[in-house]
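The next block holds one structure in the form of structure tokens; read it before the comments.
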Amino acid sequence: MLLLFIPIGITVDLAEKVGKILENEAPFGEVSAYYLDFTVYFATLLFPLFLFLSVIWFTSKLANNTEIVAFLSSGVSFSRFLRPYLIGATIVASLALFLGMYLSPIASQGFNEFKFKYLKKNKRIQKTKDVYTQVNDNDYIYISNFMPKQKVGRNFTYEHFENNELKYKIFADNIRYIEEDSTYRLTTYFKRTFKNGKEYIEKARRKNMDLPFELEDLTPVEYAAETKPYGELLDFIAAEKRRGSPNIGRYEVVKLRKWSLPVSIYILTIIAVAVSSVKRRGGMGANLAVGIAIAMIYVFFDKIFGVMAEQSNFEPIVAVWFPNLVFGILAIYLLRNAKR
């Protein structure tokens with residue numbers, strides 16, 4: 001089912017985006033790489049749903065041929081009947097976990113870079129106005145306007161504290177990152193230093209300084225967390241928490257989904273077996289209709305709670321695991337009825 005979806009998904013996506021691809025003169029090599037990343041990116045996201053539909057289709061075939069009745073009538077328990085499904089789910093869940101931890105971040109980076117380079121050229125993907133962040137335990141910075149491509153910020157302020165006491169404060173009309181020597185050039189430099197109850201003033205028209213941050217790290221792109229392998233993602237989230245980033249909810253959702261996705265594979269497999277193992281008057285069509293309805297409700301729950309965690313103070317762990325909890329309870333209920 002996944003192999004059938006890939007060419008259909010690429011065809012539909014290409015038909016929708018071919019105008020912008022030609023308009024922006026995207027090279028053929030980059031377009032090919034984009035659709036390779038597209039395949040891995042969406043295959044990882046849709047793994048549980050395709051497994052769900054596949055199990056319903058296969059089990060419905062067995063039920064319509066009265067093979068399940070014969071199997072259970074021979075004295076084999078429903079738990080034994082379920083075992084091969086769980087073994088298959090384990091293989092798929094392991095693959096999904098590996099993809100989510102290591103391969104999907106690589107595909108996500110290529111997929112998003114192409115999208116914002118050729119398909120959404122004018123969309124802002126970073127916070128560029130009123131950037132206020134904590135660089136480390138003692139230093140805070142503020143930039144009123146930030147231009148990522150030029151690596152330039154306007155109305156720059158740098159504050160250094162020790163034991164909750166302000167030691168010095170730097171002002172500059174502009175700050176520019178100089179890549180050649182990894183320093184910053186401050187224009188209209190002004191520094192106030194507080195020492196032993198006295199204030200010292202230092203001024204300069206232009207001054208180069210070595211500061212403990214990089215401009216592009218101050219406002220990561222909105223998809224930054226999706227592009228990092230799991231180990232790097234943990235370090236990235238810890239650093240963003242220290243800086244007081246407003247996007248922590250979004251990053252936590254990405255991290256937690258790497259673990260919730262394999263669990264959802266087990267839950268949806270059990271639901272699919274329980275729903276489709278009974279022979280119905282409508283046959284496979286009725287089972288598929290029920291299955292697709294359950295899948296749509298699951299996706300709805302997952303998206304709604306995910307957006308709530310990204311856009312508000314809603315707890316990410318609740319948002320990510322609540323759909324699995326609800327459908328886990330449903331799976332237990334349906335499994336008990338199926339055993340009867």
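As shown in the structure tokens, the chain order sets the letters A, B, ...; within each chain, residues go from 1, and ligands are also counted from 1 in the order they appear.
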Write out, as CSV, each residue of region 24-132 of chain A that has an atom at most 9 Å from region 226-243 of chain A, together with the closest pair of atoms and their distance in Å to one decimal, counting only C-alpha atoms, rows going by chain and rising number.
residue,atom,partner,partner_atom,distance
A:Gly100,CA,A:Pro229,CA,8.3
A:Met101,CA,A:Tyr230,CA,5.3
A:Tyr102,CA,A:Pro229,CA,5.2
A:Leu103,CA,A:Pro229,CA,8.0
A:Ser104,CA,A:Thr227,CA,7.7
A:Pro105,CA,A:Thr227,CA,4.1
A:Ile106,CA,A:Thr227,CA,5.9
A:Ala107,CA,A:Thr227,CA,7.7
A:Ser108,CA,A:Thr227,CA,5.5
A:Gln109,CA,A:Thr227,CA,4.9
A:Gly110,CA,A:Thr227,CA,8.6
A:Asn112,CA,A:Thr227,CA,8.9
A:Tyr132,CA,A:Arg243,CA,8.9
Name all residues at most 9 Å from Tyr34 (chain A) (count only C-alpha atoms; drop same-chain ones fewer than 2 positions away) and give them as a list in words.
Gly29, Glu30, Val31, Ser32, Leu36, Asp37, Phe38, Thr39, Ala107, Gly110, Phe111, Asn112, Glu113, Phe114 and Lys115 of chain A
Residue contacts of region 2-14 of chain A (10 Å, only C-alpha atoms) excluding same-chain residues fewer than 5 positions away, as an NGL selection string:
:A and (19-21 or 31 or 35-36 or 38-40 or 42-43 or 46-47 or 49-51 or 54)
I'd like the contact shell of region 304-312 of chain A - 8 Å cut-off, only C-alpha atoms, skipping same-chain residues fewer than 6 positions apart - returned as JSON, numbers by chain.
{"A": [247, 248, 249, 250, 253, 319, 320]}
Report as a ChimeraX atom specification: the residues of region 73-315 of chain A with a DSSP assignment of strand (DSSP E), based on the backbone of this structure.
/A:129-134,139-147,152-162,165-178,183-195,198-209
Restricting the calculation to only C-alpha atoms, which member of A:Ala331, A:Val76, A:Ile175, A:Leu325 is positioned closest to Ile294 (chain A)?
A:Ala331
I need the helix (DSSP H, G or I) residues of region 39-184 of chain A per DSSP on the backbone, written as a ChimeraX atom specification.
/A:39-64,67-73,78-119
Residue neighbourhood region 77-80 of chain A, 12 Å, only C-alpha atoms, exclusion window fewer than 5 positions, as an MDAnalysis selection string
chainID A and resid 68:72 85:87 270 273:274 277 335:340
Who sits within 9 Å of Asn64 (chain A), only C-alpha atoms, same chain under 2 positions skipped, as a list in words
Thr59, Ser60, Lys61, Leu62, Thr66, Glu67, Ile68, Ser277, Val278, Lys279, Arg280, Gly283 and Met284 of chain A
Region 140-143 of chain A surroundings by only C-alpha atoms, 8 Å radius, close-in-sequence under 3 positions cut, as number ranges by chain
A: 129-136, 146, 153-160
Keeping C-alpha atoms for every residue in the selection just given, could you write it to a file as a short mmCIF file (atom, residue, chain, number, x, y, z; two decimals), in the first residue's frame?
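And here is the file that came out, part.cif:
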data_model
loop_
_atom_site.label_atom_id
_atom_site.label_comp_id
_atom_site.auth_asym_id
_atom_site.auth_seq_id
_atom_site.Cartn_x
_atom_site.Cartn_y
_atom_site.Cartn_z
CA LYS A 129 11.46 41.29 14.90
CA ASP A 130 11.92 42.04 18.59
CA VAL A 131 14.28 39.12 19.20
CA TYR A 132 14.98 38.91 22.93
CA THR A 133 16.83 35.85 24.17
CA GLN A 134 19.13 34.48 26.86
CA VAL A 135 22.48 33.44 25.38
CA ASN A 136 23.78 31.69 28.52
CA PHE A 146 17.09 40.73 12.28
CA GLY A 153 20.66 43.04 13.25
CA ARG A 154 19.44 46.54 14.15
CA ASN A 155 19.20 48.23 17.56
CA PHE A 156 21.36 45.67 19.35
CA THR A 157 21.55 45.43 23.15
CA TYR A 158 23.79 43.11 25.17
CA GLU A 159 23.48 42.75 28.96
CA HIS A 160 25.89 40.88 31.24
#
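Of note, CA of Phe194 (chain A) and CA of Ile170 (chain A) are spaced 11.7 Å apart.
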